[in-house]
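Peer 1: As input, take data.tsv (TSV, C-alpha atoms):
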chain	number	residue	atom	x	y	z
A	295	MET	CA	178.01	11.88	85.66
A	296	LEU	CA	176.44	8.55	84.84
A	297	ARG	CA	175.30	8.08	88.45
A	298	ARG	CA	173.72	11.57	88.52
A	299	ALA	CA	171.88	10.93	85.21
A	300	TYR	CA	170.65	7.57	86.51
A	301	TRP	CA	169.07	9.11	89.59
A	302	SER	CA	167.49	11.88	87.53
A	303	VAL	CA	165.81	9.35	85.25
A	304	LEU	CA	164.62	7.29	88.22
A	305	VAL	CA	163.00	10.33	89.85
A	306	VAL	CA	161.18	11.16	86.60
A	307	VAL	CA	159.94	7.58	86.26
A	308	LEU	CA	158.69	7.47	89.84
A	309	VAL	CA	156.94	10.81	89.48
A	310	VAL	CA	155.26	9.63	86.31
A	311	MET	CA	154.28	6.29	87.84
A	312	GLY	CA	153.05	7.98	91.00
A	313	GLY	CA	150.95	10.39	88.99
A	314	ALA	CA	149.56	7.50	87.02
A	315	ALA	CA	148.79	5.60	90.19
A	316	CYS	CA	147.02	8.58	91.75
A	317	ALA	CA	145.04	9.20	88.59
A	318	GLY	CA	144.10	5.56	88.40
A	319	GLY	CA	143.03	5.57	92.07
A	320	GLU	CA	140.75	8.55	91.56
A	321	ARG	CA	139.09	6.89	88.57
A	322	GLY	CA	138.56	3.76	90.63
A	323	HIS	CA	136.61	5.62	93.40
A	324	LYS	CA	134.17	7.36	91.05
A	325	ARG	CA	130.67	5.75	90.99
A	326	ALA	CA	127.97	6.26	88.40
A	327	ALA	CA	124.88	8.18	89.66
A	328	PRO	CA	121.98	5.80	90.42
A	329	THR	CA	119.29	5.68	87.78
A	330	PRO	CA	116.06	7.22	89.12
A	331	PRO	CA	113.02	4.94	89.12
A	332	ALA	CA	111.14	4.96	85.86
A	333	ILE	CA	107.90	5.69	87.75
A	334	GLN	CA	107.62	8.14	90.66
A	335	VAL	CA	104.71	8.33	93.15
A	336	VAL	CA	103.63	11.11	95.49
A	337	PRO	CA	103.12	10.48	98.42
A	338	ALA	CA	106.39	8.56	98.57
A	339	ASN	CA	106.57	4.93	99.59
A	340	GLY	CA	106.26	4.54	103.36
A	341	THR	CA	104.81	7.99	104.07
A	342	PRO	CA	103.00	7.61	107.44
A	343	ASP	CA	100.99	10.85	107.53
A	344	ALA	CA	99.94	11.93	104.05
A	345	ARG	CA	97.32	14.67	103.96
A	346	PRO	CA	93.97	13.34	102.70
A	347	ASP	CA	93.27	16.52	100.75
A	348	ARG	CA	96.47	16.30	98.71
A	349	PRO	CA	96.16	14.31	95.44
A	350	VAL	CA	98.04	11.13	94.60
A	351	VAL	CA	100.25	11.83	91.56
A	352	VAL	CA	102.04	9.14	89.53
A	353	THR	CA	104.64	10.25	86.97
A	354	ALA	CA	106.59	8.35	84.32
A	355	GLU	CA	110.08	9.86	84.51
A	356	ARG	CA	110.98	8.05	81.31
A	357	GLY	CA	108.38	6.71	78.89
A	358	THR	CA	104.61	6.53	79.46
A	359	LEU	CA	102.07	5.02	81.85
A	360	HIS	CA	99.73	2.18	80.94
A	361	GLN	CA	97.77	1.58	84.13
A	362	VAL	CA	97.61	3.03	87.65
A	363	VAL	CA	95.66	1.46	90.51
A	364	VAL	CA	95.41	3.17	93.89
A	365	ARG	CA	93.42	1.15	96.37
A	366	GLU	CA	92.56	1.28	100.05
A	367	ASN	CA	94.00	-1.43	102.21
A	368	ALA	CA	90.73	-2.60	103.75
A	369	HIS	CA	92.49	-4.38	106.61
A	370	ALA	CA	94.01	-1.13	107.83
A	371	HIS	CA	90.73	0.69	108.30
A	372	LEU	CA	87.79	-1.07	109.91
A	373	ARG	CA	85.28	1.43	108.54
A	374	SER	CA	86.35	0.99	104.94
A	375	LYS	CA	83.33	0.03	102.82
A	376	GLY	CA	85.32	-1.55	100.03
A	377	THR	CA	88.52	-1.50	98.08
A	378	ALA	CA	87.37	0.00	94.79
A	379	PRO	CA	90.25	1.74	92.98
A	380	LEU	CA	90.55	5.48	93.43
A	381	PRO	CA	89.33	7.31	90.29
A	382	GLY	CA	91.96	9.26	88.40
A	383	ARG	CA	92.90	10.81	85.07
A	384	PHE	CA	95.89	10.53	82.72
A	385	SER	CA	97.52	13.54	81.09
A	386	GLU	CA	97.31	13.73	77.29
A	387	ASP	CA	100.83	12.38	76.90
A	388	ARG	CA	100.15	9.64	79.49
A	389	ARG	CA	103.21	10.62	81.45
A	390	THR	CA	101.17	11.66	84.51
A	391	TRP	CA	98.21	10.23	86.37
A	392	ARG	CA	96.42	12.30	89.01
A	393	ALA	CA	93.81	11.03	91.45
A	394	LEU	CA	90.41	12.71	91.34
A	395	GLY	CA	89.11	13.70	94.73
A	396	THR	CA	90.48	13.20	98.20
A	397	LEU	CA	91.56	10.29	100.38
A	398	ARG	CA	90.08	8.70	103.47
A	399	PRO	CA	91.79	9.84	106.68
A	400	HIS	CA	93.81	7.35	108.75
A	401	THR	CA	93.84	4.76	105.96
A	402	ALA	CA	96.56	2.71	104.28
A	403	TYR	CA	96.79	2.80	100.47
A	404	THR	CA	98.70	0.72	97.94
A	405	VAL	CA	99.82	2.01	94.55
A	406	THR	CA	100.67	-0.14	91.53
A	407	ALA	CA	101.62	1.32	88.18
A	408	THR	CA	102.80	-0.12	84.87
A	409	GLY	CA	104.22	1.61	81.82
A	410	THR	CA	106.67	1.51	78.93
A	411	GLY	CA	110.19	2.92	78.99
A	412	PRO	CA	111.79	4.94	76.17
A	413	GLY	CA	113.29	1.80	74.67
A	414	GLY	CA	110.01	-0.11	74.74
A	415	GLU	CA	110.89	-2.01	77.91
A	416	ARG	CA	108.16	-2.71	80.48
A	417	THR	CA	108.26	-0.55	83.63
A	418	TRP	CA	106.58	-1.31	86.93
A	419	HIS	CA	106.19	0.28	90.36
A	420	ALA	CA	104.58	-0.71	93.66
A	421	SER	CA	104.46	1.34	96.86
A	422	GLY	CA	102.27	2.21	99.80
A	423	PHE	CA	101.50	5.06	102.16
A	424	THR	CA	99.12	5.95	105.02
A	425	THR	CA	97.04	9.07	105.47
A	426	LEU	CA	97.23	10.99	108.73
A	427	LYS	CA	94.99	10.43	111.74
A	428	PRO	CA	92.93	13.63	112.07
A	429	ARG	CA	92.32	15.52	115.27
A	430	ALA	CA	88.59	15.38	114.46
A	431	THR	CA	86.27	14.51	111.58
A	432	PHE	CA	83.03	15.86	110.13
A	433	ALA	CA	80.21	14.43	108.04
A	434	VAL	CA	76.81	15.28	106.59
A	435	ALA	CA	74.31	14.98	109.45
A	436	ASP	CA	71.13	15.65	107.48
A	437	VAL	CA	69.85	16.49	104.00
A	438	THR	CA	66.47	18.03	103.19
A	439	PRO	CA	64.53	16.91	101.11
A	440	ARG	CA	64.39	13.31	102.30
A	441	PRO	CA	65.84	10.70	99.93
A	442	GLY	CA	63.33	10.00	97.16
A	443	GLU	CA	60.93	12.74	98.26
A	444	VAL	CA	58.68	14.44	95.70
A	445	VAL	CA	58.70	18.18	96.39
A	446	GLY	CA	57.31	21.49	95.23
A	447	VAL	CA	58.96	23.89	92.79
A	448	GLY	CA	60.25	26.19	95.55
A	449	MET	CA	62.00	23.49	97.57
A	450	PRO	CA	65.47	24.36	98.92
A	451	LEU	CA	68.23	21.78	99.23
A	452	ILE	CA	69.50	22.00	102.81
A	453	VAL	CA	72.73	20.29	103.88
A	454	THR	CA	73.54	20.19	107.60
A	455	PHE	CA	76.92	19.07	108.97
A	456	ASP	CA	77.66	17.57	112.38
A	457	ARG	CA	80.18	20.28	113.31
A	458	PRO	CA	80.96	23.89	112.31
A	459	ILE	CA	82.83	24.34	109.02
A	460	ALA	CA	85.71	26.84	108.95
A	461	ARG	CA	87.01	26.20	105.41
A	462	ARG	CA	83.64	26.60	103.73
A	463	ALA	CA	84.98	27.01	100.18
A	464	ALA	CA	86.65	23.58	100.27
A	465	VAL	CA	83.48	21.94	101.56
A	466	GLU	CA	81.30	23.81	99.09
A	467	ARG	CA	83.47	22.56	96.20
A	468	SER	CA	82.88	18.99	97.35
A	469	LEU	CA	79.08	19.32	96.94
A	470	ASP	CA	78.42	18.00	93.44
A	471	LEU	CA	74.92	18.48	92.02
A	472	ARG	CA	73.50	16.58	89.06
A	473	MET	CA	70.17	17.41	87.40
A	474	SER	CA	68.03	15.95	84.66
A	475	ARG	CA	67.41	19.52	83.44
A	476	PRO	CA	70.31	21.66	84.65
A	477	VAL	CA	69.29	25.06	86.02
A	478	ALA	CA	71.44	27.77	87.59
A	479	GLY	CA	71.44	28.10	91.35
A	480	ALA	CA	73.73	28.97	94.24
A	481	TRP	CA	74.76	27.84	97.71
A	482	HIS	CA	74.24	30.11	100.71
A	483	TRP	CA	75.59	29.46	104.22
A	484	THR	CA	72.83	30.10	106.76
A	485	THR	CA	74.97	29.01	109.75
A	486	ALA	CA	78.46	27.60	110.29
A	487	GLN	CA	76.94	24.10	110.07
A	488	GLN	CA	74.35	24.55	107.32
A	489	VAL	CA	74.44	25.45	103.64
A	490	VAL	CA	71.40	25.81	101.37
A	491	PHE	CA	71.08	25.51	97.58
A	492	ARG	CA	68.36	27.49	95.85
A	493	PRO	CA	67.81	27.69	92.09
A	494	ARG	CA	67.66	31.17	90.59
A	495	ARG	CA	64.06	30.54	89.60
A	496	TYR	CA	61.58	27.90	90.68
A	497	TRP	CA	62.45	24.32	89.77
A	498	PRO	CA	60.95	22.94	86.55
A	499	THR	CA	58.30	20.27	87.07
A	500	GLY	CA	59.70	16.76	86.73
A	501	GLN	CA	63.24	17.81	87.63
A	502	ARG	CA	65.36	15.02	89.15
A	503	VAL	CA	68.22	16.12	91.39
A	504	THR	CA	71.13	14.16	92.86
A	505	LEU	CA	73.45	15.50	95.53
A	506	LEU	CA	76.88	13.85	95.71
A	507	ALA	CA	78.57	15.21	98.82
A	508	ARG	CA	82.16	14.07	98.24
A	509	THR	CA	83.34	15.20	101.67
A	510	THR	CA	85.67	12.28	102.48
A	511	GLY	CA	89.13	13.70	103.17
A	512	VAL	CA	88.08	17.33	102.68
A	513	ARG	CA	89.83	19.63	105.15
A	514	ALA	CA	87.13	21.63	106.95
A	515	ALA	CA	89.45	23.20	109.56
A	516	PRO	CA	93.02	22.67	110.80
A	517	GLY	CA	93.22	18.98	111.72
A	518	VAL	CA	89.56	18.33	110.78
A	519	TYR	CA	88.77	16.14	107.74
A	520	GLY	CA	85.66	14.59	106.23
A	521	ARG	CA	85.16	10.95	107.20
A	522	SER	CA	82.56	9.88	104.62
A	523	ASP	CA	80.60	10.78	101.47
A	524	HIS	CA	76.84	11.20	101.23
A	525	THR	CA	74.39	10.77	98.33
A	526	SER	CA	70.77	11.93	98.23
A	527	ARG	CA	68.13	12.23	95.49
A	528	PHE	CA	64.76	13.93	95.14
A	529	ARG	CA	62.24	14.80	92.42
A	530	VAL	CA	60.16	17.91	91.72
A	531	GLY	CA	56.45	17.29	91.35
A	532	THR	CA	53.45	19.43	90.42
A	533	ARG	CA	53.98	23.17	90.13
A	534	ARG	CA	51.57	24.36	92.83
A	535	VAL	CA	51.45	28.09	93.65
A	536	SER	CA	48.88	29.38	96.11
A	537	THR	CA	48.13	33.05	96.76
A	538	VAL	CA	46.68	34.37	100.00
A	539	ASP	CA	45.12	37.83	99.61
A	540	VAL	CA	44.84	39.07	103.17
A	541	ARG	CA	42.90	42.22	102.25
A	542	ARG	CA	40.31	40.35	100.20
A	543	HIS	CA	40.26	37.35	102.60
A	544	VAL	CA	40.62	34.82	99.81
A	545	MET	CA	43.07	32.05	98.91
A	546	SER	CA	43.56	30.70	95.38
A	547	VAL	CA	45.42	27.58	94.27
A	548	VAL	CA	47.03	27.26	90.82
A	549	GLU	CA	48.48	23.96	89.55
A	550	ASN	CA	50.67	23.93	86.43
A	551	GLY	CA	49.29	27.32	85.44
A	552	VAL	CA	45.60	26.44	85.91
A	553	LEU	CA	43.40	27.85	88.70
A	554	ILE	CA	41.85	24.84	90.41
A	555	ASN	CA	40.33	26.21	93.63
A	556	THR	CA	39.55	29.33	95.62
A	557	ALA	CA	38.34	29.63	99.20
A	558	PRO	CA	37.47	32.28	101.77
A	559	ILE	CA	40.04	32.61	104.54
A	560	SER	CA	40.84	34.60	107.63
A	561	ALA	CA	44.36	35.83	108.42
A	562	GLY	CA	46.13	37.64	111.24
A	563	ARG	CA	43.95	40.18	113.06
A	564	GLY	CA	46.74	42.71	113.69
A	565	GLY	CA	46.71	45.06	116.64
A	566	ARG	CA	50.25	44.02	117.44
A	567	ARG	CA	52.97	43.01	115.01
A	568	ALA	CA	53.02	39.39	116.20
A	569	TYR	CA	49.38	39.05	115.07
A	570	VAL	CA	50.07	40.22	111.51
A	571	THR	CA	50.47	37.48	108.89
A	572	THR	CA	53.81	37.91	107.10
A	573	SER	CA	53.72	38.85	103.42
A	574	GLY	CA	56.00	37.26	100.85
A	575	VAL	CA	56.95	33.94	99.30
A	576	HIS	CA	56.39	31.21	101.87
A	577	LEU	CA	57.04	27.51	101.36
A	578	ALA	CA	55.14	24.55	102.70
A	579	MET	CA	57.55	23.20	105.33
A	580	GLY	CA	55.57	20.29	106.74
A	581	LYS	CA	52.09	18.89	107.41
A	582	TYR	CA	50.54	17.97	110.78
A	583	ASP	CA	47.19	16.40	111.57
A	584	PRO	CA	46.56	17.24	114.30
A	585	VAL	CA	48.82	19.87	115.82
A	586	ILE	CA	48.40	21.45	119.26
A	587	MET	CA	48.52	25.24	119.09
A	588	THR	CA	48.97	27.22	122.30
A	589	SER	CA	49.64	30.79	123.40
A	590	ALA	CA	53.02	29.78	124.86
A	591	TRP	CA	54.77	31.25	121.76
A	592	MET	CA	53.89	34.73	123.07
A	593	GLY	CA	54.73	33.90	126.67
A	594	VAL	CA	51.14	33.31	127.82
A	595	THR	CA	50.77	30.07	129.82
A	596	ASP	CA	48.34	31.13	132.55
A	597	ARG	CA	44.88	29.72	131.88
A	598	ASP	CA	43.30	32.71	133.59
A	599	ASP	CA	44.93	35.12	131.14
A	600	PRO	CA	42.33	36.23	128.55
A	601	ARG	CA	44.94	35.79	125.85
A	602	TYR	CA	45.49	32.11	126.75
A	603	TYR	CA	44.50	29.43	124.26
A	604	LYS	CA	45.18	25.78	123.57
A	605	LYS	CA	43.57	24.18	120.54
A	606	THR	CA	43.82	20.92	118.68
A	607	VAL	CA	44.03	21.92	115.05
A	608	ARG	CA	43.36	19.65	112.08
A	609	HIS	CA	44.98	19.62	108.64
A	610	ALA	CA	47.72	22.16	109.34
A	611	VAL	CA	50.35	23.05	106.72
A	612	GLN	CA	53.29	24.99	108.20
A	613	ILE	CA	54.51	27.93	106.09
A	614	SER	CA	57.00	29.75	108.36
A	615	GLY	CA	59.33	29.20	111.29
A	616	THR	CA	57.33	31.51	113.57
A	617	GLY	CA	54.27	29.31	113.71
A	618	GLU	CA	52.23	30.37	110.68
A	619	TYR	CA	50.05	27.63	109.19
A	620	VAL	CA	47.27	27.16	106.68
A	621	HIS	CA	44.81	25.11	108.74
A	622	ALA	CA	41.21	24.18	109.42
A	623	ALA	CA	39.33	26.53	111.76
A	624	PRO	CA	35.69	25.51	112.17
A	625	TRP	CA	35.38	28.10	114.97
A	626	SER	CA	36.10	30.93	112.48
A	627	VAL	CA	33.91	29.96	109.53
A	628	ALA	CA	31.70	33.02	110.04
A	629	SER	CA	34.73	35.31	109.68
A	630	GLN	CA	36.36	33.56	106.73
A	631	GLY	CA	35.99	35.70	103.63
A	632	ARG	CA	34.93	38.70	105.74
A	633	ALA	CA	37.47	39.55	108.47
A	634	ASN	CA	40.92	38.70	109.77
A	635	VAL	CA	40.64	37.26	113.27
A	636	SER	CA	43.58	34.83	113.74
A	637	HIS	CA	46.81	35.19	115.68
A	638	GLY	CA	48.72	35.19	112.37
A	639	CYS	CA	47.78	31.90	110.71
A	640	VAL	CA	45.73	31.52	107.55
A	641	ASN	CA	42.61	29.64	108.59
A	642	ALA	CA	39.97	28.14	106.32
A	643	SER	CA	36.94	25.86	106.39
A	644	PRO	CA	37.53	22.21	107.35
A	645	THR	CA	36.57	21.13	103.83
A	646	PHE	CA	39.07	23.37	102.06
A	647	ALA	CA	41.82	22.79	104.66
A	648	GLN	CA	41.51	19.01	104.26
A	649	TRP	CA	41.62	19.32	100.47
A	650	PHE	CA	44.67	21.62	100.59
A	651	TYR	CA	46.43	19.40	103.14
A	652	ALA	CA	45.98	16.29	100.96
A	653	ARG	CA	47.48	17.95	97.87
A	654	THR	CA	50.35	19.84	99.47
A	655	GLN	CA	53.95	18.71	99.09
A	656	ARG	CA	56.89	20.28	100.89
A	657	GLY	CA	58.31	23.14	98.87
A	658	ASP	CA	54.98	24.26	97.41
A	659	ILE	CA	54.69	28.05	97.08
A	660	VAL	CA	52.29	29.98	99.33
A	661	ASN	CA	52.51	33.65	98.38
A	662	VAL	CA	50.92	35.96	100.95
A	663	THR	CA	50.02	39.53	99.96
A	664	GLY	CA	48.39	42.52	101.59
A	665	THR	CA	50.22	43.13	104.89
A	666	ASP	CA	52.98	45.48	105.99
A	667	ARG	CA	54.99	42.76	107.75
A	668	PRO	CA	57.42	41.09	105.31
A	669	LEU	CA	58.57	37.51	105.80
A	670	GLU	CA	62.25	37.45	106.78
A	671	PRO	CA	64.54	35.37	104.49
A	672	PHE	CA	65.55	33.08	107.37
A	673	ASN	CA	62.13	32.76	108.96
A	674	GLY	CA	61.60	29.10	108.18
A	675	TRP	CA	62.28	28.61	104.48
A	676	GLY	CA	61.76	32.21	103.43
A	677	TYR	CA	64.82	32.01	101.16
A	678	TRP	CA	62.96	33.34	98.10
A	679	GLN	CA	62.60	36.65	99.95
A	680	MET	CA	66.31	37.34	99.41
A	681	PRO	CA	67.33	38.96	96.09
A	682	TRP	CA	69.37	36.68	93.85
A	683	GLU	CA	72.55	38.79	93.90
A	684	ARG	CA	72.56	38.81	97.70
A	685	TRP	CA	71.85	35.09	97.83
A	686	VAL	CA	74.87	34.35	95.65
A	687	LYS	CA	77.15	36.41	97.92
A	688	GLY	CA	76.23	34.17	100.83
A	689	GLY	CA	78.17	31.29	99.27
A	690	ALA	CA	81.82	30.72	100.11
A	691	LEU	CA	82.70	30.66	96.40
A	692	ASN	CA	80.57	33.75	95.70
A	693	ARG	CA	79.35	32.49	92.33
A	694	PRO	CA	76.36	30.71	90.77
A	695	VAL	CA	76.44	26.99	90.11
A	696	LEU	CA	75.34	25.31	86.87
A	697	PRO	CA	75.24	21.58	87.61
A	698	ARG	CA	76.02	18.92	85.06
A	699	LYS	CA	73.24	17.11	83.25
A	700	HIS	CA	72.58	13.68	84.68
A	701	ASP	CA	69.50	11.50	84.78
A	702	PRO	CA	69.55	10.16	88.36
What is this file in C-alpha cells?
Peer 2:
Amino acid sequence: MLRRAYWSVLVVVLVVMGGAACAGGERGHKRAAPTPPAIQVVPANGTPDARPDRPVVVTAERGTLHQVVVRENAHAHLRSKGTAPLPGRFSEDRRTWRALGTLRPHTAYTVTATGTGPGGERTWHASGFTTLKPRATFAVADVTPRPGEVVGVGMPLIVTFDRPIARRAAVERSLDLRMSRPVAGAWHWTTAQQVVFRPRRYWPTGQRVTLLARTTGVRAAPGVYGRSDHTSRFRVGTRRVSTVDVRRHVMSVVENGVLINTAPISAGRGGRRAYVTTSGVHLAMGKYDPVIMTSAWMGVTDRDDPRYYKKTVRHAVQISGTGEYVHAAPWSVASQGRANVSHGCVNASPTFAQWFYARTQRGDIVNVTGTDRPLEPFNGWGYWQMPWERWVKGGALNRPVLPRKHDP
C-alpha cells in the first residue's frame, strides 16, 4: 500500500513539473513585437523605381514632425540643376508632410525628418529612394509670346510640346498661370502637341503674365514623364483695335478707346472664295519688311499664266494663317478707298502701311467686316472666332481657369 501511494505521488509531481516546464518553455519562446519606426516615409527606403508622379509622404506614427527635407542627390543625375529641397506642406496637426508637385525621373532622392515622440523624446529618420527610368520623356518645346514680349490685348498664350500628349488633363493641371490682374480664361487643345490659353475677354492693358509649366515628373502617357519645368513671362501693352470695313474700303485704328487714324484701303476682289478677305476678329501674328508674295499659294507657278505674280511687299503685318496681310501697295493707290482689287490682303498706301507697321505689336486686334467668308477659329490665331462655351470645352479639364494674383 505504501509503495503504491509512493508511485502515485511521484506521477503527480512529475506531471505537475512537466506541465510547469512546458509552460515555462512556451513563455521563453515568445518575443515582443518590434516597435514600428516613429517616422514612416513613402516611397520606402531603397525603392529603386518610384513613380515620379506619386507624392512623397512623411508620417509621424507617434508624436509630431518638426522638419522634413527631401533633396535630389545631384551626383546621381547629371542633368540636375541643383539640390534645392522639394517644397511640401505639413498637416494641421503636423503628423504628416506631403510633397507639393512631382519628382524628376531617374533621380536619386534622400529624405531626412525630425520630430518629437509622445513622451517628448527626439525622433529622427533618414532614407533614400530612386525614381524610375522612363521609356520616354517630354518637355515644353516652345511658348508664344516670346519671353519678355510686349503684346496686344488679343494675344493667345500658346504652349507647344515636343511630343504628343495622351494624358492631357495631368499636363494641363501642371500649367500654372500667375497674373498681376487675374482674369478668367481657359485652355484649349488645338493639336495633340499644342494647348492655347485665351482669356474670356481681351487682356487688360498693363497686364503681366507668368507661365510656370511644372511638367517635371508629370505622366503624359504610359511610361512617358516630363523631364523639366519651363517659365515664361510677357506683358500686355497698348489696347489697339483696328477695324477694316471692306464695303466702305476704309480702315480705322483705335488706341485705348481713342480713334487715332483712318485710311483708305483695298481688300479681296472676290470672284472666287480664295480672293475674299475673311471677316472676323483677326490678330496681328507677325511683321515682315519685306516679304515676297507669290501666286504659289493657289498652285500657280508658271510665269506665262496670267494669274502668276511675284512681288516684294513692304511693311506687311500678317493677320491670318492663309496669307492675309495688311501691307503697303503703291501699285493699288488708285483703287484704295474705291474698290477691292487684291487677292485677299488688305492693302494701303505706303505711308499708312509704314505707320501701322511701326505701331503694331503681336496680338493686336484687326477686326474685318463686310464679307461673307468668316475667318475660321484655327486659321492662324483666329481663336476669338470661337464662342466662349465651346472654347472651354476644348480643354482637358473642361472648365475655366482663374489664375492667382502675382506681380511677376
Peer 1: To one decimal place, how far is atom CA of Thr425 of chain A from atom CA of Thr504 of chain A in Å?
Peer 2: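 About the pair atom CA of Thr425 of chain A and atom CA of Thr504 of chain A: they are 29.3 Å apart.
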Peer 1: For segment 497-587 of chain A against segment 442-465 of chain A, with a cut-off of 12 Å and counting all atoms listed in the file, what is the closest atom pair and its distance in Å to one decimal for every residue that makes the cut, ordered by chain and number, as CSV?
Peer 2:
residue,atom,partner,partner_atom,distance
A:Trp497,CA,A:Val447,CA,4.6
A:Pro498,CA,A:Val447,CA,6.6
A:Thr499,CA,A:Val447,CA,6.8
A:Gly500,CA,A:Val444,CA,9.3
A:Gln501,CA,A:Val447,CA,9.1
A:Arg502,CA,A:Val444,CA,9.4
A:Val503,CA,A:Leu451,CA,9.7
A:Thr504,CA,A:Gly442,CA,9.8
A:Leu505,CA,A:Leu451,CA,9.0
A:Leu506,CA,A:Val453,CA,11.2
A:Ala507,CA,A:Val465,CA,8.8
A:Arg508,CA,A:Val465,CA,8.6
A:Thr509,CA,A:Val465,CA,6.7
A:Thr510,CA,A:Val465,CA,9.9
A:Gly511,CA,A:Val465,CA,10.1
A:Val512,CA,A:Val465,CA,6.6
A:Arg513,CA,A:Ala464,CA,7.0
A:Ala514,CA,A:Arg461,CA,4.8
A:Ala515,CA,A:Ala460,CA,5.3
A:Pro516,CA,A:Ala460,CA,8.6
A:Gly517,CA,A:Ala460,CA,11.2
A:Val518,CA,A:Ile459,CA,9.2
A:Tyr519,CA,A:Val465,CA,10.0
A:Gly520,CA,A:Val465,CA,9.0
A:Arg521,CA,A:Asp456,CA,11.3
A:Ser522,CA,A:Phe455,CA,11.6
A:Asp523,CA,A:Val465,CA,11.5
A:His524,CA,A:Val453,CA,10.3
A:Thr525,CA,A:Val453,CA,11.1
A:Ser526,CA,A:Gly442,CA,7.8
A:Arg527,CA,A:Gly442,CA,5.5
A:Phe528,CA,A:Gly442,CA,4.6
A:Arg529,CA,A:Val444,CA,4.9
A:Val530,CA,A:Val445,CA,4.9
A:Gly531,CA,A:Val445,CA,5.6
A:Thr532,CA,A:Gly446,CA,6.5
A:Arg533,CA,A:Val447,CA,5.7
A:Arg534,CA,A:Gly446,CA,6.9
A:Val535,CA,A:Val447,CA,8.6
A:Ser536,CA,A:Gly446,CA,11.6
A:Glu549,CA,A:Gly446,CA,10.8
A:Asn550,CA,A:Val447,CA,10.4
A:Val575,CA,A:Gly448,CA,9.2
A:His576,CA,A:Gly448,CA,8.9
A:Leu577,CA,A:Gly448,CA,6.8
A:Ala578,CA,A:Gly446,CA,8.4
A:Met579,CA,A:Met449,CA,9.0
A:Gly580,CA,A:Val445,CA,11.0
Peer 1: Considering all atoms listed in the file, state which residue in the set A:Thr431, A:Val364, A:Ile333, A:Phe650 is at the smallest distance from Arg388 of chain A.
Peer 2: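 Ranked by minimum distance to Arg388 of chain A, first place goes to A:Ile333.
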Peer 1: Between atom CA of Trp481 of chain A and atom CA of Val686 of chain A, what is the distance in Å, rounded to a tenth?
Peer 2: 6.8 Å
Peer 1: I'd like the contact shell of Gly411 of chain A - 12 Å cut-off, all atoms listed in the file, skipping same-chain residues fewer than 4 positions apart - returned as a list in words.
Peer 2: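 Final neighbour list, sorted by chain and number: Pro331, Ala332, Ile333, Ala354, Glu355, Arg356, Gly357, Thr358, Leu359, His360, Arg389, Glu415, Arg416, Thr417 and Trp418 of chain A.
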Peer 1: Measuring atom to atom with only C-alpha atoms, identify which of A:Pro584, A:Pro342, A:Gly638, A:Gly422 is nearest to Tyr619 of chain A.
Peer 2: A:Gly638
Peer 1: Between atom CA of Pro379 of chain A and atom CA of Glu366 of chain A, measure the distance and give it in Å to one decimal.
Peer 2: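 These two atoms are separated by 7.5 Å.
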